[in-house]
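Q: See input_11.cif below, with mmCIF, C-alpha atoms and all ligand atoms.
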data_final
loop_
_atom_site.group_PDB
_atom_site.id
_atom_site.type_symbol
_atom_site.label_atom_id
_atom_site.label_comp_id
_atom_site.auth_asym_id
_atom_site.auth_seq_id
_atom_site.Cartn_x
_atom_site.Cartn_y
_atom_site.Cartn_z
ATOM 1 C CA MET Z 250 -58.478 229.506 2.609
ATOM 2 C CA SER Z 251 -57.931 228.030 6.033
ATOM 3 C CA THR Z 252 -57.104 224.350 6.525
ATOM 4 C CA SER Z 253 -60.610 223.585 7.713
ATOM 5 C CA ASP Z 254 -62.055 225.128 4.533
ATOM 6 C CA THR Z 255 -60.062 222.822 2.307
ATOM 7 C CA LEU Z 256 -60.197 219.771 4.574
ATOM 8 C CA PHE Z 257 -63.981 219.462 4.469
ATOM 9 C CA ALA Z 258 -64.643 220.546 0.877
ATOM 10 C CA GLY Z 259 -64.857 218.961 -2.588
ATOM 11 C CA SER Z 260 -65.667 215.259 -2.549
ATOM 12 C CA ILE Z 261 -64.758 214.999 1.147
ATOM 13 C CA PRO Z 262 -68.214 215.560 2.708
ATOM 14 C CA ALA Z 263 -69.781 212.504 1.035
ATOM 15 C CA MET Z 264 -66.757 210.367 1.913
ATOM 16 C CA TYR Z 265 -66.667 211.719 5.445
ATOM 17 C CA ASP Z 266 -70.303 210.792 5.867
ATOM 18 C CA ARG Z 267 -69.878 207.373 4.309
ATOM 19 C CA TYR Z 268 -66.671 206.287 6.010
ATOM 20 C CA MET Z 269 -66.108 208.268 9.167
ATOM 21 C CA VAL Z 270 -69.555 208.953 10.557
ATOM 22 C CA PRO Z 271 -70.732 205.325 10.921
ATOM 23 C CA LEU Z 272 -67.324 204.150 12.099
ATOM 24 C CA LEU Z 273 -66.346 206.927 14.418
ATOM 25 C CA PHE Z 274 -68.886 209.601 15.149
ATOM 26 C CA ARG Z 275 -72.337 208.081 15.535
ATOM 27 C CA PRO Z 276 -71.816 206.636 19.053
ATOM 28 C CA TYR Z 277 -70.505 209.984 20.285
ATOM 29 C CA ALA Z 278 -73.507 211.742 18.752
ATOM 30 C CA GLU Z 279 -75.845 209.540 20.782
ATOM 31 C CA GLN Z 280 -73.945 210.440 23.964
ATOM 32 C CA THR Z 281 -74.145 214.138 23.132
ATOM 33 C CA ALA Z 282 -77.867 213.951 22.419
ATOM 34 C CA GLN Z 283 -78.631 212.109 25.661
ATOM 35 C CA ARG Z 284 -76.703 214.640 27.691
ATOM 36 C CA ALA Z 285 -78.320 217.567 25.859
ATOM 37 C CA GLN Z 286 -81.755 216.057 26.471
ATOM 38 C CA ALA Z 287 -81.170 216.262 30.216
ATOM 39 C CA LEU Z 288 -80.759 220.063 29.865
ATOM 40 C CA SER Z 289 -84.230 220.454 28.216
ATOM 41 C CA PRO Z 290 -83.223 223.227 25.819
ATOM 42 C CA MET Z 291 -85.779 224.675 23.387
ATOM 43 C CA HIS Z 292 -83.468 226.707 21.144
ATOM 44 C CA ILE Z 293 -80.265 224.941 20.175
ATOM 45 C CA LEU Z 294 -77.390 226.119 18.040
ATOM 46 C CA GLU Z 295 -74.990 223.506 16.757
ATOM 47 C CA THR Z 296 -71.666 224.749 15.434
ATOM 48 C CA ALA Z 297 -69.344 222.698 13.216
ATOM 49 C CA ALA Z 298 -72.269 220.347 12.612
ATOM 50 C CA GLY Z 299 -70.533 218.575 9.722
ATOM 51 C CA THR Z 300 -72.775 216.036 8.009
ATOM 52 C CA GLY Z 301 -75.401 216.209 10.740
ATOM 53 C CA VAL Z 302 -74.901 213.091 12.795
ATOM 54 C CA VAL Z 303 -75.233 215.064 16.037
ATOM 55 C CA THR Z 304 -78.084 217.139 14.592
ATOM 56 C CA GLU Z 305 -79.991 213.968 13.837
ATOM 57 C CA ALA Z 306 -79.417 212.566 17.318
ATOM 58 C CA LEU Z 307 -80.334 215.892 18.965
ATOM 59 C CA HIS Z 308 -83.551 216.072 16.992
ATOM 60 C CA GLY Z 309 -84.354 212.460 17.896
ATOM 61 C CA ALA Z 310 -83.843 213.218 21.598
ATOM 62 C CA LEU Z 311 -85.501 216.654 21.571
ATOM 63 C CA PRO Z 312 -88.061 216.587 18.738
ATOM 64 C CA THR Z 313 -89.820 219.816 19.764
ATOM 65 C CA ALA Z 314 -86.668 221.883 20.223
ATOM 66 C CA GLU Z 315 -85.692 224.276 17.429
ATOM 67 C CA ILE Z 316 -82.258 223.390 16.158
ATOM 68 C CA LYS Z 317 -80.033 225.602 14.002
ATOM 69 C CA ALA Z 318 -77.230 223.427 12.683
ATOM 70 C CA THR Z 319 -74.329 225.386 11.231
ATOM 71 C CA ASP Z 320 -70.986 224.645 9.649
ATOM 72 C CA LEU Z 321 -68.308 226.589 7.815
ATOM 73 C CA ASN Z 322 -68.489 224.317 4.789
ATOM 74 C CA PRO Z 323 -71.784 224.213 2.838
ATOM 75 C CA PRO Z 324 -71.057 220.793 1.236
ATOM 76 C CA MET Z 325 -70.981 219.238 4.709
ATOM 77 C CA LEU Z 326 -74.380 220.785 5.409
ATOM 78 C CA GLN Z 327 -75.751 219.473 2.119
ATOM 79 C CA GLU Z 328 -75.023 215.963 3.386
ATOM 80 C CA ALA Z 329 -76.578 216.899 6.722
ATOM 81 C CA ALA Z 330 -79.762 218.174 5.069
ATOM 82 C CA ARG Z 331 -80.161 214.782 3.398
ATOM 83 C CA ARG Z 332 -79.909 213.135 6.807
ATOM 84 C CA VAL Z 333 -82.454 215.247 8.729
ATOM 85 C CA THR Z 334 -85.625 216.813 7.359
ATOM 86 C CA SER Z 335 -87.846 218.489 9.902
ATOM 87 C CA PRO Z 336 -89.431 221.917 10.249
ATOM 88 C CA ASN Z 337 -87.685 222.167 13.630
ATOM 89 C CA VAL Z 338 -84.219 221.733 12.128
ATOM 90 C CA ARG Z 339 -82.597 224.382 9.936
ATOM 91 C CA PHE Z 340 -79.175 224.245 8.347
ATOM 92 C CA GLU Z 341 -77.183 227.383 7.757
ATOM 93 C CA GLN Z 342 -73.631 228.089 6.672
ATOM 94 C CA ALA Z 343 -71.839 229.929 9.472
ATOM 95 C CA ASP Z 344 -68.322 230.406 10.711
ATOM 96 C CA ALA Z 345 -68.317 229.609 14.430
ATOM 97 C CA LEU Z 346 -65.978 232.571 14.848
ATOM 98 C CA ASP Z 347 -68.472 235.025 13.377
ATOM 99 C CA LEU Z 348 -72.001 233.760 13.986
ATOM 100 C CA PRO Z 349 -74.835 235.486 12.098
ATOM 101 C CA PHE Z 350 -77.177 235.426 15.108
ATOM 102 C CA GLY Z 351 -78.213 238.049 17.607
ATOM 103 C CA ASP Z 352 -77.042 238.153 21.207
ATOM 104 C CA GLY Z 353 -78.879 235.826 23.566
ATOM 105 C CA SER Z 354 -80.642 233.809 20.843
ATOM 106 C CA PHE Z 355 -80.116 230.276 22.172
ATOM 107 C CA ASP Z 356 -80.242 228.327 25.398
ATOM 108 C CA LEU Z 357 -77.755 225.662 24.295
ATOM 109 C CA VAL Z 358 -74.769 225.732 21.934
ATOM 110 C CA VAL Z 359 -73.412 222.296 21.034
ATOM 111 C CA CYS Z 360 -70.053 221.706 19.421
ATOM 112 C CA GLN Z 361 -68.827 218.145 18.990
ATOM 113 C CA PHE Z 362 -65.333 217.602 17.573
ATOM 114 C CA GLY Z 363 -65.299 221.052 15.978
ATOM 115 C CA ALA Z 364 -63.497 223.449 18.319
ATOM 116 C CA MET Z 365 -60.170 221.762 17.559
ATOM 117 C CA PHE Z 366 -60.447 223.190 14.015
ATOM 118 C CA PHE Z 367 -61.185 226.781 14.982
ATOM 119 C CA PRO Z 368 -58.200 228.911 13.937
ATOM 120 C CA ASP Z 369 -59.034 231.328 16.760
ATOM 121 C CA LYS Z 370 -60.556 229.368 19.623
ATOM 122 C CA VAL Z 371 -60.964 232.452 21.813
ATOM 123 C CA LYS Z 372 -63.188 234.017 19.189
ATOM 124 C CA GLY Z 373 -65.126 230.787 18.770
ATOM 125 C CA HIS Z 374 -65.877 230.484 22.488
ATOM 126 C CA ALA Z 375 -66.676 234.199 22.787
ATOM 127 C CA GLU Z 376 -69.154 233.920 19.921
ATOM 128 C CA ALA Z 377 -70.863 230.954 21.557
ATOM 129 C CA ARG Z 378 -71.181 232.961 24.774
ATOM 130 C CA ARG Z 379 -72.550 235.994 22.912
ATOM 131 C CA VAL Z 380 -75.376 234.099 21.191
ATOM 132 C CA LEU Z 381 -76.355 232.321 24.417
ATOM 133 C CA ARG Z 382 -78.863 233.709 26.878
ATOM 134 C CA PRO Z 383 -77.303 234.551 30.257
ATOM 135 C CA SER Z 384 -78.758 231.266 31.528
ATOM 136 C CA GLY Z 385 -77.527 229.381 28.468
ATOM 137 C CA ARG Z 386 -75.146 226.454 28.307
ATOM 138 C CA LEU Z 387 -72.218 225.624 26.097
ATOM 139 C CA TYR Z 388 -71.571 221.937 25.438
ATOM 140 C CA VAL Z 389 -68.208 221.039 23.950
ATOM 141 C CA ALA Z 390 -67.038 217.491 23.255
ATOM 142 C CA GLU Z 391 -63.430 216.835 22.276
ATOM 143 C CA PRO Z 392 -61.507 213.555 22.104
ATOM 144 C CA LEU Z 393 -58.600 213.147 24.502
ATOM 145 C CA ALA Z 394 -55.157 212.222 23.242
ATOM 146 C CA ARG Z 395 -54.730 209.246 25.543
ATOM 147 C CA GLY Z 396 -55.838 205.665 25.984
ATOM 148 C CA PRO Z 397 -55.124 202.465 24.091
ATOM 149 C CA HIS Z 398 -56.202 203.790 20.708
ATOM 150 C CA GLN Z 399 -54.000 206.838 20.977
ATOM 151 C CA TYR Z 400 -51.059 204.678 22.038
ATOM 152 C CA ILE Z 401 -51.204 202.881 18.692
ATOM 153 C CA ILE Z 402 -52.086 205.735 16.363
ATOM 154 C CA GLU Z 403 -49.554 208.178 17.804
ATOM 155 C CA LEU Z 404 -46.932 206.303 15.803
ATOM 156 C CA PHE Z 405 -48.399 207.607 12.541
ATOM 157 C CA HIS Z 406 -50.877 210.311 13.578
ATOM 158 C CA ASP Z 407 -50.066 212.146 16.785
ATOM 159 C CA GLU Z 408 -52.917 214.422 17.812
ATOM 160 C CA THR Z 409 -51.452 215.356 21.189
ATOM 161 C CA ALA Z 410 -50.730 218.990 20.311
ATOM 162 C CA VAL Z 411 -54.074 219.707 18.683
ATOM 163 C CA ARG Z 412 -56.019 218.142 21.562
ATOM 164 C CA LYS Z 413 -53.902 220.033 24.088
ATOM 165 C CA GLY Z 414 -54.574 223.316 22.263
ATOM 166 C CA ALA Z 415 -58.324 222.698 22.291
ATOM 167 C CA ALA Z 416 -58.309 221.850 26.023
ATOM 168 C CA GLU Z 417 -56.171 224.869 26.915
ATOM 169 C CA ALA Z 418 -58.460 227.209 25.011
ATOM 170 C CA LEU Z 419 -61.458 225.862 26.886
ATOM 171 C CA ALA Z 420 -59.752 226.254 30.228
ATOM 172 C CA LYS Z 421 -58.409 229.719 29.491
ATOM 173 C CA PHE Z 422 -61.112 231.389 27.452
ATOM 174 C CA ALA Z 423 -64.407 229.513 27.794
ATOM 175 C CA ARG Z 424 -64.434 228.614 31.496
ATOM 176 C CA PRO Z 425 -64.107 232.208 32.810
ATOM 177 C CA GLN Z 426 -67.192 233.213 30.851
ATOM 178 C CA PHE Z 427 -69.501 230.809 32.683
ATOM 179 C CA ALA Z 428 -70.203 230.211 36.358
ATOM 180 C CA THR Z 429 -70.014 226.422 36.207
ATOM 181 C CA ASP Z 430 -68.318 223.732 34.200
ATOM 182 C CA GLN Z 431 -69.551 220.180 34.526
ATOM 183 C CA ILE Z 432 -66.855 217.952 33.186
ATOM 184 C CA ALA Z 433 -67.529 214.397 32.145
ATOM 185 C CA THR Z 434 -65.350 211.889 30.419
ATOM 186 C CA TYR Z 435 -66.409 208.694 28.812
ATOM 187 C CA ALA Z 436 -64.647 206.107 26.751
ATOM 188 C CA GLU Z 437 -66.208 205.046 23.541
ATOM 189 C CA LYS Z 438 -65.858 201.292 23.159
ATOM 190 C CA ARG Z 439 -63.831 200.273 20.188
ATOM 191 C CA SER Z 440 -62.757 196.820 19.226
ATOM 192 C CA TYR Z 441 -60.996 195.382 16.223
ATOM 193 C CA SER Z 442 -60.939 191.658 15.543
ATOM 194 C CA ASP Z 443 -57.392 191.810 14.199
ATOM 195 C CA PHE Z 444 -54.701 194.121 12.921
ATOM 196 C CA ASP Z 445 -56.075 194.020 9.378
ATOM 197 C CA SER Z 446 -59.452 195.415 10.422
ATOM 198 C CA PHE Z 447 -57.740 198.131 12.489
ATOM 199 C CA ALA Z 448 -55.504 199.024 9.540
ATOM 200 C CA ALA Z 449 -58.449 199.049 7.102
ATOM 201 C CA ARG Z 450 -60.283 201.538 9.296
ATOM 202 C CA MET Z 451 -57.253 203.766 9.683
ATOM 203 C CA ILE Z 452 -56.625 203.669 5.934
ATOM 204 C CA ALA Z 453 -60.270 204.628 5.250
ATOM 205 C CA ASN Z 454 -59.758 207.682 7.493
ATOM 206 C CA MET Z 455 -56.435 208.537 5.875
ATOM 207 C CA ARG Z 456 -57.883 211.043 3.421
ATOM 208 C CA PHE Z 457 -58.831 213.326 6.348
ATOM 209 C CA ASN Z 458 -55.448 213.142 7.998
ATOM 210 C CA GLY Z 459 -51.865 213.589 7.014
ATOM 211 C CA TYR Z 460 -50.573 210.012 7.196
ATOM 212 C CA THR Z 461 -49.857 207.320 4.626
ATOM 213 C CA GLU Z 462 -50.837 203.690 4.192
ATOM 214 C CA GLU Z 463 -47.211 202.673 4.671
ATOM 215 C CA ALA Z 464 -47.158 204.435 8.009
ATOM 216 C CA VAL Z 465 -50.263 202.553 9.188
ATOM 217 C CA LEU Z 466 -48.835 199.210 8.077
ATOM 218 C CA ALA Z 467 -45.405 199.734 9.683
ATOM 219 C CA PRO Z 468 -44.164 196.811 11.818
ATOM 220 C CA ALA Z 469 -43.974 199.040 14.902
ATOM 221 C CA VAL Z 470 -47.703 199.821 14.607
ATOM 222 C CA ARG Z 471 -48.536 196.139 14.300
ATOM 223 C CA ARG Z 472 -46.422 195.422 17.386
ATOM 224 C CA ARG Z 473 -48.221 198.097 19.412
ATOM 225 C CA PHE Z 474 -51.568 196.825 18.203
ATOM 226 C CA GLU Z 475 -50.796 193.290 19.396
ATOM 227 C CA GLU Z 476 -49.335 194.568 22.682
ATOM 228 C CA THR Z 477 -52.434 196.704 23.291
ATOM 229 C CA ARG Z 478 -54.806 193.918 22.348
ATOM 230 C CA ALA Z 479 -53.139 191.613 24.865
ATOM 231 C CA ALA Z 480 -53.115 194.264 27.599
ATOM 232 C CA HIS Z 481 -56.721 195.474 27.165
ATOM 233 C CA GLY Z 482 -58.547 192.316 26.142
ATOM 234 C CA GLY Z 483 -59.218 193.453 22.589
ATOM 235 C CA ARG Z 484 -60.576 196.881 23.573
ATOM 236 C CA PHE Z 485 -59.127 200.023 22.041
ATOM 237 C CA ASP Z 486 -61.300 202.678 23.632
ATOM 238 C CA GLN Z 487 -61.099 206.355 22.760
ATOM 239 C CA PRO Z 488 -61.738 208.692 25.705
ATOM 240 C CA VAL Z 489 -63.726 211.857 25.128
ATOM 241 C CA ARG Z 490 -64.075 214.837 27.398
ATOM 242 C CA ILE Z 491 -67.246 216.861 27.652
ATOM 243 C CA ASP Z 492 -67.352 220.329 29.128
ATOM 244 C CA CYS Z 493 -70.823 221.639 29.826
ATOM 245 C CA PHE Z 494 -70.517 225.279 30.840
ATOM 246 C CA GLY Z 495 -73.476 227.028 32.360
ATOM 247 C CA PRO Z 496 -74.938 229.382 34.924
ATOM 248 C CA ALA Z 497 -74.474 228.985 38.649
ATOM 249 C CA ALA Z 498 -76.536 226.115 40.034
HETATM 250 C C1 LIG T 501 -64.625 216.476 12.564
HETATM 251 S S1 LIG T 501 -65.957 217.412 11.860
HETATM 252 C C2 LIG T 501 -67.163 217.230 13.146
HETATM 253 C C3 LIG T 501 -68.546 217.240 12.589
HETATM 254 C C4 LIG T 501 -69.655 216.867 13.575
HETATM 255 N N1 LIG T 501 -69.733 217.785 14.705
HETATM 256 C C5 LIG T 501 -69.506 215.445 14.048
HETATM 257 O O1 LIG T 501 -69.325 215.215 15.264
HETATM 258 O O2 LIG T 501 -69.556 214.534 13.187
HETATM 259 C C6 LIG T 501 -65.423 219.067 12.033
HETATM 260 C C7 LIG T 501 -66.325 220.099 11.330
HETATM 261 O O3 LIG T 501 -65.884 221.397 11.728
HETATM 262 C C8 LIG T 501 -66.190 222.292 10.655
HETATM 263 N N2 LIG T 501 -65.473 223.539 10.890
HETATM 264 C C9 LIG T 501 -64.140 223.734 10.857
HETATM 265 N N3 LIG T 501 -63.857 225.021 11.131
HETATM 266 C C10 LIG T 501 -65.042 225.639 11.388
HETATM 267 C C11 LIG T 501 -65.423 226.977 11.727
HETATM 268 N N4 LIG T 501 -64.519 227.946 11.875
HETATM 269 N N5 LIG T 501 -66.726 227.257 11.886
HETATM 270 C C12 LIG T 501 -67.674 226.285 11.731
HETATM 271 N N6 LIG T 501 -67.379 225.003 11.400
HETATM 272 C C13 LIG T 501 -66.081 224.690 11.224
HETATM 273 C C14 LIG T 501 -65.772 221.484 9.440
HETATM 274 O O4 LIG T 501 -66.327 221.999 8.247
HETATM 275 C C15 LIG T 501 -66.294 220.100 9.804
HETATM 276 O O5 LIG T 501 -67.571 219.882 9.288
#
Written as structure tokens, how would this file's structure read?
Ligand SMILES: C[S@@+](CC[C@H](N)C(=O)[O-])C[C@H]1O[C@@H](n2cnc3c(N)ncnc32)[C@H](O)[C@@H]1O

A:
Amino acid sequence: MSTSDTLFAGSIPAMYDRYMVPLLFRPYAEQTAQRAQALSPMHILETAAGTGVVTEALHGALPTAEIKATDLNPPMLQEAARRVTSPNVRFEQADALDLPFGDGSFDLVVCQFGAMFFPDKVKGHAEARRVLRPSGRLYVAEPLARGPHQYIIELFHDETAVRKGAAEALAKFARPQFATDQIATYAEKRSYSDFDSFAARMIANMRFNGYTEEAVLAPAVRRRFEETRAAHGGRFDQPVRIDCFGPAA
């Protein structure tokens, strides 16, 4: 079993949906849906759909588009199916590295915060390309390991290497397969009223990551929190990078 099999299994999907989605992922899903809407796709594949927060936003923005939302872990999709019920949205278990769809089936593949988990990112990007029509687009959103939030959390949860790996794979293996890459970055606004609310959120997320409560509550983390709060006026934004690969303009 790979890490991503075990990470998003068991009782995790319900907890993920309850704790992480409202706190962390919903605002990004709205961004993704708005940007996808501008591309007017009719046949969308979502990989690593998780508990369906992006699926729901995509369907809200593009109600007549047919959406196939897939994920490696069926329990995540069970949560997703509770969230969205529509004849235009279908959920299906699928490994993004080995998609059970024919060549050229979709005009948009969306992957938000999933590619970082692919054990073989080359295969993942190649599969997305294969199932896209020649005119199709691949939309990938990944957080960036920088900014005020990162500066604090790197003391107990440093994601620099995993983010770097995801970005390198996009640059090396996805970009050459498409004629254009429109890159956008945006910073999701985050604010915490005080250290305790920051720590409570980090501790709620702890089950999905490899850190401990003690590590979150360490004096050095508190110091960085206060330093960052003073420097950025109480904002702890998390930057995200979007790559939208497509045909030549
Ligand atoms: C952080 S969640 C993101 C979920 C969703 N896209 C969102 O933004 O809330 C990562 C998801 O990637 C899925 N995943 C990991 N490896 C995968 C793979 N090889 N193929 C498909 N999904 C995978 C996990 O099961 C999990 O649901």

Q: Which of these, Z:Val489, Z:Leu387, Z:Ala464, Z:Ala479, has the shortest distance to Gln431 of chain Z once you count all atoms listed in the file?

A: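 Checking each of Z:Val489, Z:Leu387, Z:Ala464, Z:Ala479 against Gln431 of chain Z, counting all atoms listed in the file, the winner is Z:Leu387.
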
Q: Written as a VMD selection string, what is the full residue list that the PyMOL selection byres (((chain Z and resi 418) around 12) and not hetatm) yields on the file shown?

A: chain Z and resid 364 to 375 389 391 411 to 417 419 to 425 492

Q: Determine, counting only C-alpha atoms, which protein, DNA and RNA residues have an atom within 7 Å of an atom of segment 442-455 of chain Z; residues of the same chain fewer than 3 positions away are not included. Present the result as a list in words.

A: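 After dropping sequence-adjacent residues, the list is Tyr268, Met269, Asn458, Gly459, Tyr460, Thr461, Glu462, Val465, Leu466, Arg471 and Phe474 of chain Z.
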
Q: What does the file look like for those residues with C-alpha atoms, as a compact mmCIF listing (two decimals), in the frame of the given file?

A:
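Dumped to out32.txt:
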# COMPACT_ATOMS: atom_id res chain seq x y z
CA TYR Z 268 -66.67 206.29 6.01
CA MET Z 269 -66.11 208.27 9.17
CA ASN Z 458 -55.45 213.14 8.00
CA GLY Z 459 -51.86 213.59 7.01
CA TYR Z 460 -50.57 210.01 7.20
CA THR Z 461 -49.86 207.32 4.63
CA GLU Z 462 -50.84 203.69 4.19
CA VAL Z 465 -50.26 202.55 9.19
CA LEU Z 466 -48.84 199.21 8.08
CA ARG Z 471 -48.54 196.14 14.30
CA PHE Z 474 -51.57 196.82 18.20

Q: Select, from Z:Leu346, Z:Arg473, Z:Leu357, Z:Ala330, the residue with the minimum atom-to-atom distance to Ile401 of chain Z, counting only C-alpha atoms.

A: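 Smallest distance to Ile401 of chain Z is found for Z:Arg473.
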
Q: Please, what distance in Å, to one decimal, runs between atom CA of Val303 of chain Z and atom CA of Pro349 of chain Z?

A: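 Pair atom CA of Val303 of chain Z / atom CA of Pro349 of chain Z returns 20.8 Å.
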
Q: Residue by residue, what does the PyMOL selection byres (((not hetatm)) within 7 of (chain T and resi 501)) grab here? Present the result as an MDAnalysis selection string.

A: chainID Z and resid 253:254 257 270 274 278 296:303 319:322 325 343:346 360:363 366:368

Q: Using the chain letters and residue numbers of this document, give as number ranges by chain the residues selected by the PyMOL selection byres (((chain Z and resi 306) around 9) and not hetatm).

A: Z: 275, 278-283, 301-305, 307-311

Q: In Å, with one decimal, what is the gap from atom CA of Phe405 of chain Z to atom CA of Val470 of chain Z?

A: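 For atom CA of Phe405 of chain Z relative to atom CA of Val470 of chain Z, the distance reads 8.1 Å.
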